[in-house]
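Colleague: This is query-v7.pdb (PDB, N, CA and C atoms).
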```
ATOM      1  N   MET Y  15     -37.872 -21.354 -26.495
ATOM      2  CA  MET Y  15     -39.266 -21.399 -26.113
ATOM      3  C   MET Y  15     -39.959 -20.198 -26.752
ATOM      4  N   MET Y  16     -41.184 -20.379 -27.195
ATOM      5  CA  MET Y  16     -41.920 -19.302 -27.855
ATOM      6  C   MET Y  16     -43.191 -18.997 -27.072
ATOM      7  N   TRP Y  17     -43.638 -17.754 -27.182
ATOM      8  CA  TRP Y  17     -44.889 -17.347 -26.564
ATOM      9  C   TRP Y  17     -45.543 -16.298 -27.432
ATOM     10  N   SER Y  18     -46.821 -16.089 -27.265
ATOM     11  CA  SER Y  18     -47.564 -15.105 -28.058
ATOM     12  C   SER Y  18     -47.920 -13.925 -27.189
ATOM     13  N   SER Y  19     -47.768 -12.743 -27.746
ATOM     14  CA  SER Y  19     -48.157 -11.532 -27.026
ATOM     15  C   SER Y  19     -49.638 -11.272 -27.245
ATOM     16  N   SER Y  20     -50.146 -10.259 -26.574
ATOM     17  CA  SER Y  20     -51.571  -9.925 -26.722
ATOM     18  C   SER Y  20     -51.890  -9.410 -28.116
ATOM     19  N   HIS Y  21     -50.859  -9.012 -28.875
ATOM     20  CA  HIS Y  21     -51.078  -8.509 -30.228
ATOM     21  C   HIS Y  21     -50.906  -9.608 -31.280
ATOM     22  N   GLY Y  22     -50.770 -10.849 -30.832
ATOM     23  CA  GLY Y  22     -50.653 -11.950 -31.765
ATOM     24  C   GLY Y  22     -49.238 -12.188 -32.261
ATOM     25  N   GLU Y  23     -48.278 -11.395 -31.783
ATOM     26  CA  GLU Y  23     -46.899 -11.597 -32.207
ATOM     27  C   GLU Y  23     -46.328 -12.816 -31.496
ATOM     28  N   THR Y  24     -45.529 -13.544 -32.205
ATOM     29  CA  THR Y  24     -44.853 -14.684 -31.595
ATOM     30  C   THR Y  24     -43.414 -14.266 -31.328
ATOM     31  N   ARG Y  25     -42.973 -14.465 -30.100
ATOM     32  CA  ARG Y  25     -41.624 -14.057 -29.720
ATOM     33  C   ARG Y  25     -40.909 -15.226 -29.057
ATOM     34  N   HIS Y  26     -39.605 -15.158 -29.102
ATOM     35  CA  HIS Y  26     -38.788 -16.150 -28.411
ATOM     36  C   HIS Y  26     -38.458 -15.623 -27.020
ATOM     37  N   ARG Y  27     -38.678 -16.456 -26.031
ATOM     38  CA  ARG Y  27     -38.303 -16.092 -24.661
ATOM     39  C   ARG Y  27     -36.786 -16.175 -24.575
ATOM     40  N   THR Y  28     -36.179 -15.186 -23.956
ATOM     41  CA  THR Y  28     -34.723 -15.196 -23.848
ATOM     42  C   THR Y  28     -34.274 -16.280 -22.898
ATOM     43  N   SER Y  29     -33.128 -16.813 -23.161
ATOM     44  CA  SER Y  29     -32.588 -17.854 -22.294
ATOM     45  C   SER Y  29     -31.993 -17.250 -21.026
ATOM     46  N   ALA Y  30     -31.882 -15.927 -20.930
ATOM     47  CA  ALA Y  30     -31.322 -15.295 -19.737
ATOM     48  C   ALA Y  30     -32.164 -15.619 -18.508
ATOM     49  N   HIS Y  31     -33.476 -15.592 -18.643
ATOM     50  CA  HIS Y  31     -34.352 -15.922 -17.515
ATOM     51  C   HIS Y  31     -34.137 -17.360 -17.078
ATOM     52  N   GLN Y  32     -34.033 -18.254 -18.022
ATOM     53  CA  GLN Y  32     -33.814 -19.652 -17.706
ATOM     54  C   GLN Y  32     -32.438 -19.857 -17.088
ATOM     55  N   ALA Y  33     -31.434 -19.111 -17.543
ATOM     56  CA  ALA Y  33     -30.076 -19.250 -17.016
ATOM     57  C   ALA Y  33     -30.010 -18.803 -15.562
ATOM     58  N   VAL Y  34     -30.736 -17.759 -15.209
ATOM     59  CA  VAL Y  34     -30.735 -17.276 -13.830
ATOM     60  C   VAL Y  34     -31.293 -18.346 -12.909
ATOM     61  N   ARG Y  35     -32.340 -18.993 -13.305
ATOM     62  CA  ARG Y  35     -32.928 -20.044 -12.479
ATOM     63  C   ARG Y  35     -31.966 -21.206 -12.287
ATOM     64  N   ALA Y  36     -31.097 -21.455 -13.246
ATOM     65  CA  ALA Y  36     -30.205 -22.598 -13.180
ATOM     66  C   ALA Y  36     -28.924 -22.313 -12.393
ATOM     67  N   LEU Y  37     -28.718 -21.080 -11.957
ATOM     68  CA  LEU Y  37     -27.492 -20.726 -11.255
ATOM     69  C   LEU Y  37     -27.396 -21.358  -9.874
ATOM     70  N   PHE Y  38     -28.505 -21.632  -9.232
ATOM     71  CA  PHE Y  38     -28.505 -22.124  -7.863
ATOM     72  C   PHE Y  38     -28.862 -23.607  -7.815
ATOM     73  N   HIS Y  39     -28.087 -24.340  -7.054
ATOM     74  CA  HIS Y  39     -28.359 -25.761  -6.865
ATOM     75  C   HIS Y  39     -29.644 -25.907  -6.052
ATOM     76  N   PRO Y  40     -30.475 -26.892  -6.347
ATOM     77  CA  PRO Y  40     -31.749 -27.054  -5.632
ATOM     78  C   PRO Y  40     -31.602 -27.205  -4.118
ATOM     79  N   LYS Y  41     -30.489 -27.728  -3.653
ATOM     80  CA  LYS Y  41     -30.293 -27.931  -2.214
ATOM     81  C   LYS Y  41     -29.359 -26.889  -1.607
ATOM     82  N   LEU Y  42     -29.170 -25.770  -2.301
ATOM     83  CA  LEU Y  42     -28.258 -24.736  -1.817
ATOM     84  C   LEU Y  42     -28.642 -24.240  -0.429
ATOM     85  N   ALA Y  43     -29.903 -24.006  -0.181
ATOM     86  CA  ALA Y  43     -30.347 -23.494   1.127
ATOM     87  C   ALA Y  43     -30.040 -24.498   2.236
ATOM     88  N   GLN Y  44     -30.240 -25.776   1.965
ATOM     89  CA  GLN Y  44     -29.955 -26.801   2.975
ATOM     90  C   GLN Y  44     -28.458 -26.883   3.265
ATOM     91  N   VAL Y  45     -27.644 -26.812   2.237
ATOM     92  CA  VAL Y  45     -26.187 -26.860   2.411
ATOM     93  C   VAL Y  45     -25.717 -25.638   3.187
ATOM     94  N   TYR Y  46     -26.245 -24.453   2.826
ATOM     95  CA  TYR Y  46     -25.869 -23.217   3.504
ATOM     96  C   TYR Y  46     -26.244 -23.281   4.981
ATOM     97  N   ARG Y  47     -27.440 -23.755   5.264
ATOM     98  CA  ARG Y  47     -27.893 -23.851   6.656
ATOM     99  C   ARG Y  47     -26.986 -24.779   7.465
ATOM    100  N   ALA Y  48     -26.622 -25.920   6.886
ATOM    101  CA  ALA Y  48     -25.739 -26.866   7.577
ATOM    102  C   ALA Y  48     -24.374 -26.238   7.846
ATOM    103  N   LYS Y  49     -23.853 -25.491   6.884
ATOM    104  CA  LYS Y  49     -22.546 -24.847   7.063
ATOM    105  C   LYS Y  49     -22.612 -23.773   8.145
ATOM    106  N   VAL Y  50     -23.692 -23.009   8.189
ATOM    107  CA  VAL Y  50     -23.843 -21.981   9.222
ATOM    108  C   VAL Y  50     -23.983 -22.634  10.593
ATOM    109  N   GLU Y  51     -24.719 -23.726  10.683
ATOM    110  CA  GLU Y  51     -24.847 -24.436  11.958
ATOM    111  C   GLU Y  51     -23.490 -24.963  12.432
ATOM    112  N   ASP Y  52     -22.703 -25.514  11.494
ATOM    113  CA  ASP Y  52     -21.357 -25.982  11.844
ATOM    114  C   ASP Y  52     -20.479 -24.820  12.300
ATOM    115  N   LEU Y  53     -20.581 -23.715  11.603
ATOM    116  CA  LEU Y  53     -19.792 -22.531  11.958
ATOM    117  C   LEU Y  53     -20.178 -22.018  13.338
ATOM    118  N   LEU Y  54     -21.452 -22.024  13.648
ATOM    119  CA  LEU Y  54     -21.921 -21.600  14.973
ATOM    120  C   LEU Y  54     -21.369 -22.508  16.064
ATOM    121  N   ALA Y  55     -21.335 -23.803  15.791
ATOM    122  CA  ALA Y  55     -20.792 -24.754  16.770
ATOM    123  C   ALA Y  55     -19.316 -24.484  17.016
ATOM    124  N   VAL Y  56     -18.567 -24.191  15.955
ATOM    125  CA  VAL Y  56     -17.140 -23.881  16.100
ATOM    126  C   VAL Y  56     -16.965 -22.556  16.841
ATOM    127  N   TYR Y  57     -17.827 -21.591  16.544
ATOM    128  CA  TYR Y  57     -17.717 -20.266  17.169
ATOM    129  C   TYR Y  57     -17.988 -20.319  18.675
ATOM    130  N   THR Y  58     -18.908 -21.159  19.090
ATOM    131  CA  THR Y  58     -19.241 -21.219  20.511
ATOM    132  C   THR Y  58     -18.159 -21.915  21.327
ATOM    133  N   ASN Y  59     -17.259 -22.639  20.672
ATOM    134  CA  ASN Y  59     -16.141 -23.283  21.346
ATOM    135  C   ASN Y  59     -15.013 -22.256  21.476
ATOM    136  N   GLU Y  60     -14.646 -21.923  22.698
ATOM    137  CA  GLU Y  60     -13.645 -20.886  22.964
ATOM    138  C   GLU Y  60     -12.321 -21.170  22.247
ATOM    139  N   ALA Y  61     -11.918 -22.431  22.178
ATOM    140  CA  ALA Y  61     -10.626 -22.786  21.585
ATOM    141  C   ALA Y  61     -10.584 -22.539  20.073
ATOM    142  N   SER Y  62     -11.719 -22.608  19.406
ATOM    143  CA  SER Y  62     -11.734 -22.444  17.949
ATOM    144  C   SER Y  62     -12.421 -21.160  17.494
ATOM    145  N   ARG Y  63     -12.679 -20.255  18.406
ATOM    146  CA  ARG Y  63     -13.403 -19.022  18.073
ATOM    147  C   ARG Y  63     -12.651 -18.166  17.059
ATOM    148  N   VAL Y  64     -11.344 -18.043  17.192
ATOM    149  CA  VAL Y  64     -10.565 -17.209  16.264
ATOM    150  C   VAL Y  64     -10.662 -17.771  14.849
ATOM    151  N   GLN Y  65     -10.588 -19.083  14.721
ATOM    152  CA  GLN Y  65     -10.723 -19.721  13.419
ATOM    153  C   GLN Y  65     -12.112 -19.437  12.835
ATOM    154  N   ALA Y  66     -13.129 -19.513  13.648
ATOM    155  CA  ALA Y  66     -14.494 -19.245  13.184
ATOM    156  C   ALA Y  66     -14.641 -17.791  12.739
ATOM    157  N   GLN Y  67     -14.031 -16.881  13.473
ATOM    158  CA  GLN Y  67     -14.098 -15.473  13.092
ATOM    159  C   GLN Y  67     -13.444 -15.235  11.737
ATOM    160  N   ASP Y  68     -12.324 -15.908  11.479
ATOM    161  CA  ASP Y  68     -11.668 -15.791  10.177
ATOM    162  C   ASP Y  68     -12.559 -16.337   9.065
ATOM    163  N   LEU Y  69     -13.250 -17.444   9.327
ATOM    164  CA  LEU Y  69     -14.166 -18.004   8.336
ATOM    165  C   LEU Y  69     -15.328 -17.051   8.048
ATOM    166  N   ILE Y  70     -15.842 -16.428   9.094
ATOM    167  CA  ILE Y  70     -16.945 -15.472   8.924
ATOM    168  C   ILE Y  70     -16.478 -14.279   8.093
ATOM    169  N   ARG Y  71     -15.286 -13.788   8.384
ATOM    170  CA  ARG Y  71     -14.752 -12.664   7.602
ATOM    171  C   ARG Y  71     -14.612 -13.039   6.130
ATOM    172  N   GLY Y  72     -14.291 -14.296   5.859
ATOM    173  CA  GLY Y  72     -14.171 -14.758   4.484
ATOM    174  C   GLY Y  72     -15.498 -14.806   3.745
ATOM    175  N   LEU Y  73     -16.595 -14.863   4.470
ATOM    176  CA  LEU Y  73     -17.920 -14.885   3.845
ATOM    177  C   LEU Y  73     -18.401 -13.490   3.447
ATOM    178  N   ILE Y  74     -17.810 -12.464   4.030
ATOM    179  CA  ILE Y  74     -18.258 -11.092   3.807
ATOM    180  C   ILE Y  74     -17.372 -10.434   2.759
ATOM    181  N   GLU Y  75     -17.975 -10.043   1.653
ATOM    182  CA  GLU Y  75     -17.218  -9.385   0.597
ATOM    183  C   GLU Y  75     -17.008  -7.914   0.908
ATOM    184  N   ARG Y  76     -18.064  -7.249   1.377
ATOM    185  CA  ARG Y  76     -17.946  -5.832   1.725
ATOM    186  C   ARG Y  76     -19.125  -5.431   2.600
ATOM    187  N   ILE Y  77     -18.949  -4.343   3.296
ATOM    188  CA  ILE Y  77     -20.009  -3.757   4.118
ATOM    189  C   ILE Y  77     -20.247  -2.355   3.578
ATOM    190  N   VAL Y  78     -21.480  -2.061   3.265
ATOM    191  CA  VAL Y  78     -21.834  -0.757   2.704
ATOM    192  C   VAL Y  78     -22.703  -0.025   3.710
ATOM    193  N   LEU Y  79     -22.252   1.153   4.132
ATOM    194  CA  LEU Y  79     -23.036   1.999   5.029
ATOM    195  C   LEU Y  79     -23.652   3.110   4.217
ATOM    196  N   THR Y  80     -24.967   3.205   4.254
ATOM    197  CA  THR Y  80     -25.683   4.207   3.471
ATOM    198  C   THR Y  80     -26.379   5.181   4.410
ATOM    199  N   PRO Y  81     -25.959   6.446   4.389
ATOM    200  CA  PRO Y  81     -26.607   7.421   5.265
ATOM    201  C   PRO Y  81     -28.064   7.668   4.872
ATOM    202  N   VAL Y  82     -28.902   7.856   5.858
ATOM    203  CA  VAL Y  82     -30.300   8.223   5.648
ATOM    204  C   VAL Y  82     -30.470   9.609   6.237
ATOM    205  N   ASP Y  83     -30.822  10.540   5.405
ATOM    206  CA  ASP Y  83     -30.939  11.946   5.814
ATOM    207  C   ASP Y  83     -29.660  12.450   6.472
ATOM    208  N   GLY Y  84     -28.524  12.025   5.916
ATOM    209  CA  GLY Y  84     -27.227  12.473   6.424
ATOM    210  C   GLY Y  84     -26.756  11.807   7.684
ATOM    211  N   VAL Y  85     -27.466  10.803   8.180
ATOM    212  CA  VAL Y  85     -27.098  10.125   9.424
ATOM    213  C   VAL Y  85     -26.851   8.647   9.116
ATOM    214  N   LEU Y  86     -25.762   8.124   9.671
ATOM    215  CA  LEU Y  86     -25.483   6.686   9.522
ATOM    216  C   LEU Y  86     -26.204   5.904  10.586
TER     217      LEU Y  86
END
```
Now that the file is in, can you turn its structure into structure tokens?

Modeller:
Amino acid sequence: MMWSSSHGETRHRTSAHQAVRALFHPKLAQVYRAKVEDLLAVYTNEASRVQAQDLIRGLIERIVLTPVDGVL
């Protein structure tokens, strides 16, 4: 894709911007919401709570604590 700058130069738009937009499926938010709702239903059931906790832990890659003015 090409575009013109204010100085009349013609440049090619990088495909990186277009690639970022294509990384997410259009219905990703709906799928994620349904999975979280299912997980909540499993978590509220006492018999399957441990399984739900393991699934939640699998969703978390890391937790970062950043001190503000030396205080956490």

Colleague: Taking only C-alpha atoms into account, which of Y:Asp68, Y:Leu79, Y:Arg63, Y:Leu73 comes nearest Lys49 (chain Y)?

Modeller: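 Selected residue with least distance to Lys49 (chain Y): Y:Leu73.
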
Colleague: For atom N of Gly84 (chain Y) and atom N of Arg71 (chain Y), determine how far apart the two atoms are, in Å to one decimal place.

Modeller: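 Distance between the two atoms: 29.1 Å.
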
Colleague: Can you measure atom C of Ile70 (chain Y) to atom C of Leu53 (chain Y) for me? One decimal in Å is fine.

Modeller: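 According to the coordinates, atom C of Ile70 (chain Y) and atom C of Leu53 (chain Y) are separated by 10.1 Å.
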
Colleague: So what do you get for atom N of Tyr57 (chain Y) versus atom N of Leu69 (chain Y), distance-wise?

Modeller: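 Computing it gives 9.5 Å between the two atoms.
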
Colleague: Can you pull out every residue within 10 Å of Ala66 (chain Y), counting only C-alpha atoms, but drop anything in the same chain fewer than 5 positions away, and send it as a ChimeraX atom specification?

Modeller: /Y:52-61,71-72
